[in-house]
Amino acid sequence: MLYYKNIHTLLGIIYIVTSENHVVGVLIGEPQWAEYQKKNQDHLIQGSTKLLEDAVVQMEEYFKGTRMSFDLPLSLSGTDFQKQVWQVLQAIPYGETISYLDVAEKIDKPKAVRAVGQANRANKLPIIIACHRVIGKNKTLTGYAGNKVDLKEKLLQLEGSIEFNLKVNE
């Protein structure tokens, strides 16, 4: 079974989904939630577990600016390449940014910049796995959760990151 709860944040409604043992999803906004709910409707319970409550508290602390990292068991389902990218994302300090090229170089695949972008897009645990901290090499904001660059900007502003230009590169 999967358990979920929603919270209201500066990004709008966020849904947090857990299994008994892992956080399995963070969904930003109603459209993303509706799609997820449709695919998993037979397994979803609006209920509570200790893990779900811990995840909600940590997410609320993050949005209050009192939490800089998450301490939760995560379910990472993806390719080996995606997992390598997500591991790098988890090591980016709060309030800092790196480029897609930096990520590609950290996993010894400097030509895989576009694939890094696709791995970011496939991240099922945004905010917890901080794909919003990855920006263009020219310090511009580029895609977040598809086309939600405004959400990336809000998260970086919350974290006090001033390394990026407000120019959006679509």
# chains A, B, ... in the order shown; residues from 1 in each chain; ligands from 1

call {"tool": "residues_around", "arguments": {"residues": "region 4-8 of chain A", "least_positions_apart": "5", "cutoff": "10 Å", "atoms": "only C-alpha atoms", "output": "list in words"}}
result
Ile13, Ile14, Tyr15, Ile16, Val17, Thr18, Ser19, Val23, Val24, Gly25, Val26, Leu27, Ile28, Gly29, Trp33, Leu44, Ile45, Gln46, Gly47, Ser48, Thr49, Leu52, Glu53, Ala55, Val56, Val57, Met59, Glu60 and Phe63 of chain A

call {"tool": "write_last_selection", "arguments": {"atoms": "N, CA, C and O atoms", "output": "compact mmCIF listing (two decimals), in the first residue's frame"}}
result
# COMPACT_ATOMS: atom_id res chain seq x y z
N ILE A 13 0.10 23.11 -3.70
CA ILE A 13 -0.09 21.85 -2.97
C ILE A 13 0.97 20.84 -3.42
O ILE A 13 1.20 20.66 -4.61
N ILE A 14 1.59 20.22 -2.43
CA ILE A 14 2.55 19.15 -2.68
C ILE A 14 2.01 17.89 -2.02
O ILE A 14 1.57 17.93 -0.86
N TYR A 15 2.05 16.79 -2.75
CA TYR A 15 1.64 15.48 -2.22
C TYR A 15 2.89 14.66 -1.94
O TYR A 15 3.77 14.56 -2.78
N ILE A 16 2.95 14.08 -0.75
CA ILE A 16 4.05 13.21 -0.38
C ILE A 16 3.48 11.81 -0.28
O ILE A 16 2.45 11.59 0.37
N VAL A 17 4.15 10.86 -0.93
CA VAL A 17 3.69 9.46 -0.97
C VAL A 17 4.78 8.58 -0.39
O VAL A 17 5.96 8.70 -0.74
N THR A 18 4.37 7.68 0.50
CA THR A 18 5.31 6.72 1.08
C THR A 18 4.74 5.31 1.00
O THR A 18 3.54 5.12 0.93
N SER A 19 5.65 4.36 1.04
CA SER A 19 5.27 2.97 1.29
C SER A 19 5.43 2.81 2.81
O SER A 19 5.59 3.79 3.53
N VAL A 23 10.03 6.80 1.23
CA VAL A 23 9.34 7.87 0.50
C VAL A 23 9.45 7.49 -0.97
O VAL A 23 10.55 7.23 -1.47
N VAL A 24 8.32 7.43 -1.66
CA VAL A 24 8.33 6.99 -3.06
C VAL A 24 7.97 8.10 -4.04
O VAL A 24 8.21 7.96 -5.24
N GLY A 25 7.40 9.20 -3.56
CA GLY A 25 7.03 10.26 -4.48
C GLY A 25 6.79 11.59 -3.80
O GLY A 25 6.30 11.63 -2.67
N VAL A 26 7.15 12.65 -4.50
CA VAL A 26 6.81 14.02 -4.12
C VAL A 26 6.21 14.62 -5.38
O VAL A 26 6.88 14.72 -6.42
N LEU A 27 4.94 14.97 -5.32
CA LEU A 27 4.24 15.46 -6.51
C LEU A 27 3.82 16.91 -6.28
O LEU A 27 3.17 17.21 -5.28
N ILE A 28 4.19 17.76 -7.21
CA ILE A 28 3.97 19.19 -7.08
C ILE A 28 2.79 19.58 -7.95
O ILE A 28 2.85 19.49 -9.18
N GLY A 29 1.70 20.00 -7.32
CA GLY A 29 0.54 20.49 -8.04
C GLY A 29 -0.48 19.42 -8.38
O GLY A 29 -0.19 18.23 -8.42
N TRP A 33 -0.33 15.30 -9.49
CA TRP A 33 -0.98 14.39 -8.55
C TRP A 33 -2.08 13.58 -9.24
O TRP A 33 -2.18 12.37 -9.03
N LEU A 44 -3.40 3.49 -3.26
CA LEU A 44 -3.28 4.71 -2.47
C LEU A 44 -4.27 4.77 -1.31
O LEU A 44 -5.45 4.50 -1.49
N ILE A 45 -3.75 5.16 -0.16
CA ILE A 45 -4.58 5.36 1.03
C ILE A 45 -4.22 6.72 1.61
O ILE A 45 -3.04 7.00 1.85
N GLN A 46 -5.23 7.55 1.82
CA GLN A 46 -4.96 8.80 2.51
C GLN A 46 -4.94 8.47 3.99
O GLN A 46 -5.96 8.44 4.66
N GLY A 47 -3.78 8.13 4.46
CA GLY A 47 -3.63 7.70 5.84
C GLY A 47 -2.33 8.20 6.39
O GLY A 47 -1.69 9.07 5.82
N SER A 48 -1.95 7.63 7.49
CA SER A 48 -0.75 8.12 8.12
C SER A 48 0.10 6.98 8.65
O SER A 48 -0.41 5.99 9.14
N THR A 49 1.38 7.15 8.49
CA THR A 49 2.36 6.25 9.09
C THR A 49 3.41 7.15 9.73
O THR A 49 3.48 8.35 9.43
N LEU A 52 5.44 8.73 6.95
CA LEU A 52 4.74 9.80 6.25
C LEU A 52 4.72 11.07 7.10
O LEU A 52 4.98 12.16 6.61
N GLU A 53 4.44 10.93 8.38
CA GLU A 53 4.44 12.10 9.26
C GLU A 53 5.83 12.73 9.33
O GLU A 53 5.96 13.95 9.31
N ALA A 55 8.12 12.63 7.00
CA ALA A 55 8.35 13.28 5.70
C ALA A 55 7.61 14.62 5.63
O ALA A 55 8.17 15.61 5.15
N VAL A 56 6.39 14.65 6.11
CA VAL A 56 5.61 15.90 6.11
C VAL A 56 6.29 16.95 6.98
O VAL A 56 6.46 18.10 6.57
N VAL A 57 6.70 16.56 8.18
CA VAL A 57 7.37 17.50 9.09
C VAL A 57 8.64 18.04 8.45
O VAL A 57 8.90 19.26 8.47
N MET A 59 9.42 18.24 5.27
CA MET A 59 9.09 19.11 4.13
C MET A 59 8.60 20.47 4.64
O MET A 59 8.99 21.52 4.10
N GLU A 60 7.77 20.48 5.66
CA GLU A 60 7.31 21.75 6.23
C GLU A 60 8.48 22.55 6.80
O GLU A 60 8.54 23.77 6.63
N PHE A 63 10.34 24.24 3.97
CA PHE A 63 9.68 25.44 3.46
C PHE A 63 9.67 26.58 4.46
O PHE A 63 9.51 27.74 4.07

call {"tool": "residues_around", "arguments": {"residues": "Gly160 (chain A)", "least_positions_apart": "2", "cutoff": "10 Å", "atoms": "only C-alpha atoms", "output": "ChimeraX atom specification"}}
result
/A:65,94-96,154-158,162-163

call {"tool": "closest_residue", "arguments": {"among": "A:Tyr100, A:Trp86, A:Ile92, A:Ala115", "to": "Lys137 (chain A)", "atoms": "only C-alpha atoms"}}
result
A:Tyr100

call {"tool": "select_by_dssp", "arguments": {"residues": "region 22-159 of chain A", "states": "strand (DSSP E or B)", "output": "ChimeraX atom specification"}}
result
/A:23-28,44-45,74,98-99,126,129,134-135,140-141

call {"tool": "residues_around", "arguments": {"residues": "region 36-42 of chain A", "least_positions_apart": "4", "cutoff": "10 Å", "atoms": "only C-alpha atoms", "output": "JSON, numbers by chain"}}
result
{"A": [1, 2, 25, 27, 30, 31, 32]}

call {"tool": "write_last_selection", "arguments": {"atoms": "N, CA, C and O atoms", "output": "short mmCIF file (atom, residue, chain, number, x, y, z; two decimals), in the first residue's frame"}}
result
data_model
loop_
_atom_site.label_atom_id
_atom_site.label_comp_id
_atom_site.auth_asym_id
_atom_site.auth_seq_id
_atom_site.Cartn_x
_atom_site.Cartn_y
_atom_site.Cartn_z
N MET A 1 0.84 -1.19 0.00
CA MET A 1 0.00 0.00 0.00
C MET A 1 0.88 1.24 0.00
O MET A 1 2.01 1.23 0.48
N LEU A 2 0.32 2.31 -0.52
CA LEU A 2 0.98 3.61 -0.54
C LEU A 2 0.13 4.60 0.26
O LEU A 2 -1.09 4.61 0.13
N GLY A 25 7.40 9.20 -3.56
CA GLY A 25 7.03 10.26 -4.48
C GLY A 25 6.79 11.59 -3.80
O GLY A 25 6.30 11.63 -2.67
N LEU A 27 4.94 14.97 -5.32
CA LEU A 27 4.24 15.46 -6.51
C LEU A 27 3.82 16.91 -6.28
O LEU A 27 3.17 17.21 -5.28
N GLU A 30 -1.67 19.88 -8.63
CA GLU A 30 -2.80 18.98 -8.90
C GLU A 30 -2.64 18.17 -10.19
O GLU A 30 -2.97 16.98 -10.19
N PRO A 31 -2.17 18.74 -11.30
CA PRO A 31 -2.05 17.92 -12.51
C PRO A 31 -1.10 16.72 -12.32
O PRO A 31 -1.42 15.60 -12.73
N GLN A 32 0.04 16.96 -11.68
CA GLN A 32 0.98 15.87 -11.45
C GLN A 32 0.37 14.83 -10.51
O GLN A 32 0.51 13.63 -10.72
#

call {"tool": "residues_around", "arguments": {"residues": "Leu101 (chain A)", "least_positions_apart": "3", "cutoff": "8 Å", "atoms": "only C-alpha atoms", "output": "list in words"}}
result
Ala104, Glu105, Pro110, Ala112, Val113 and Lys137 of chain A

call {"tool": "write_last_selection", "arguments": {"atoms": "all heavy atoms", "output": "CSV table (one decimal), in the first residue's frame"}}
result
chain,number,residue,atom,x,y,z
A,104,ALA,N,27.3,16.0,-15.2
A,104,ALA,CA,27.8,15.0,-16.1
A,104,ALA,C,29.3,14.7,-15.9
A,104,ALA,O,29.7,13.5,-15.9
A,104,ALA,CB,27.6,15.5,-17.6
A,105,GLU,N,30.1,15.7,-15.6
A,105,GLU,CA,31.5,15.5,-15.3
A,105,GLU,C,31.7,14.7,-14.0
A,105,GLU,O,32.6,13.8,-13.9
A,105,GLU,CB,32.2,16.8,-15.3
A,105,GLU,CG,32.4,17.4,-16.6
A,105,GLU,CD,32.9,18.8,-16.7
A,105,GLU,OE1,33.0,19.5,-15.6
A,105,GLU,OE2,33.3,19.3,-17.8
A,110,PRO,N,31.0,13.4,-19.4
A,110,PRO,CA,30.9,14.8,-19.8
A,110,PRO,C,30.1,15.1,-21.0
A,110,PRO,O,29.6,16.3,-21.1
A,110,PRO,CB,32.4,15.3,-19.9
A,110,PRO,CG,33.1,14.0,-20.2
A,110,PRO,CD,32.4,12.9,-19.5
A,112,ALA,N,27.2,13.7,-21.6
A,112,ALA,CA,25.8,13.3,-21.3
A,112,ALA,C,25.0,14.4,-20.6
A,112,ALA,O,24.1,14.1,-19.8
A,112,ALA,CB,25.9,12.1,-20.4
A,113,VAL,N,25.2,15.6,-21.0
A,113,VAL,CA,24.5,16.7,-20.4
A,113,VAL,C,23.0,16.6,-20.6
A,113,VAL,O,22.3,16.8,-19.7
A,113,VAL,CB,25.1,18.1,-21.0
A,113,VAL,CG1,24.3,19.3,-20.4
A,113,VAL,CG2,26.5,18.3,-20.6
A,137,LYS,N,24.9,26.1,-17.6
A,137,LYS,CA,26.3,26.5,-17.3
A,137,LYS,C,26.6,28.0,-17.4
A,137,LYS,O,27.5,28.5,-16.8
A,137,LYS,CB,27.3,25.7,-18.3
A,137,LYS,CG,27.2,26.1,-19.7
A,137,LYS,CD,28.2,25.4,-20.5
A,137,LYS,CE,28.1,25.7,-22.0
A,137,LYS,NZ,28.9,25.0,-22.8

call {"tool": "atom_distance", "arguments": {"atom1": "CA of Asp102 (chain A)", "atom2": "CA of Val85 (chain A)"}}
result
10.6 Å

call {"tool": "closest_residue", "arguments": {"among": "A:Thr9, A:Ser161, A:Asn21, A:Asn123", "to": "Gln87 (chain A)", "atoms": "only C-alpha atoms"}}
result
A:Asn123

call {"tool": "select_by_dssp", "arguments": {"residues": "chain A", "states": "helix (DSSP H, G or I)", "output": "MDAnalysis selection string"}}
result
chainID A and resid 30:40 50:64 80:90 100:106 113:121 131:133 149:158

call {"tool": "atom_distance", "arguments": {"atom1": "CA of Met68 (chain A)", "atom2": "CA of Gln82 (chain A)"}}
result
23.1 Å

call {"tool": "residues_around", "arguments": {"residues": "Asn120 (chain A)", "least_positions_apart": "2", "cutoff": "12 Å", "atoms": "only C-alpha atoms", "output": "PyMOL selection string"}}
result
chain A and resi 78+81-90+99-100+103-104+113-118+122-127+129-135+142-146
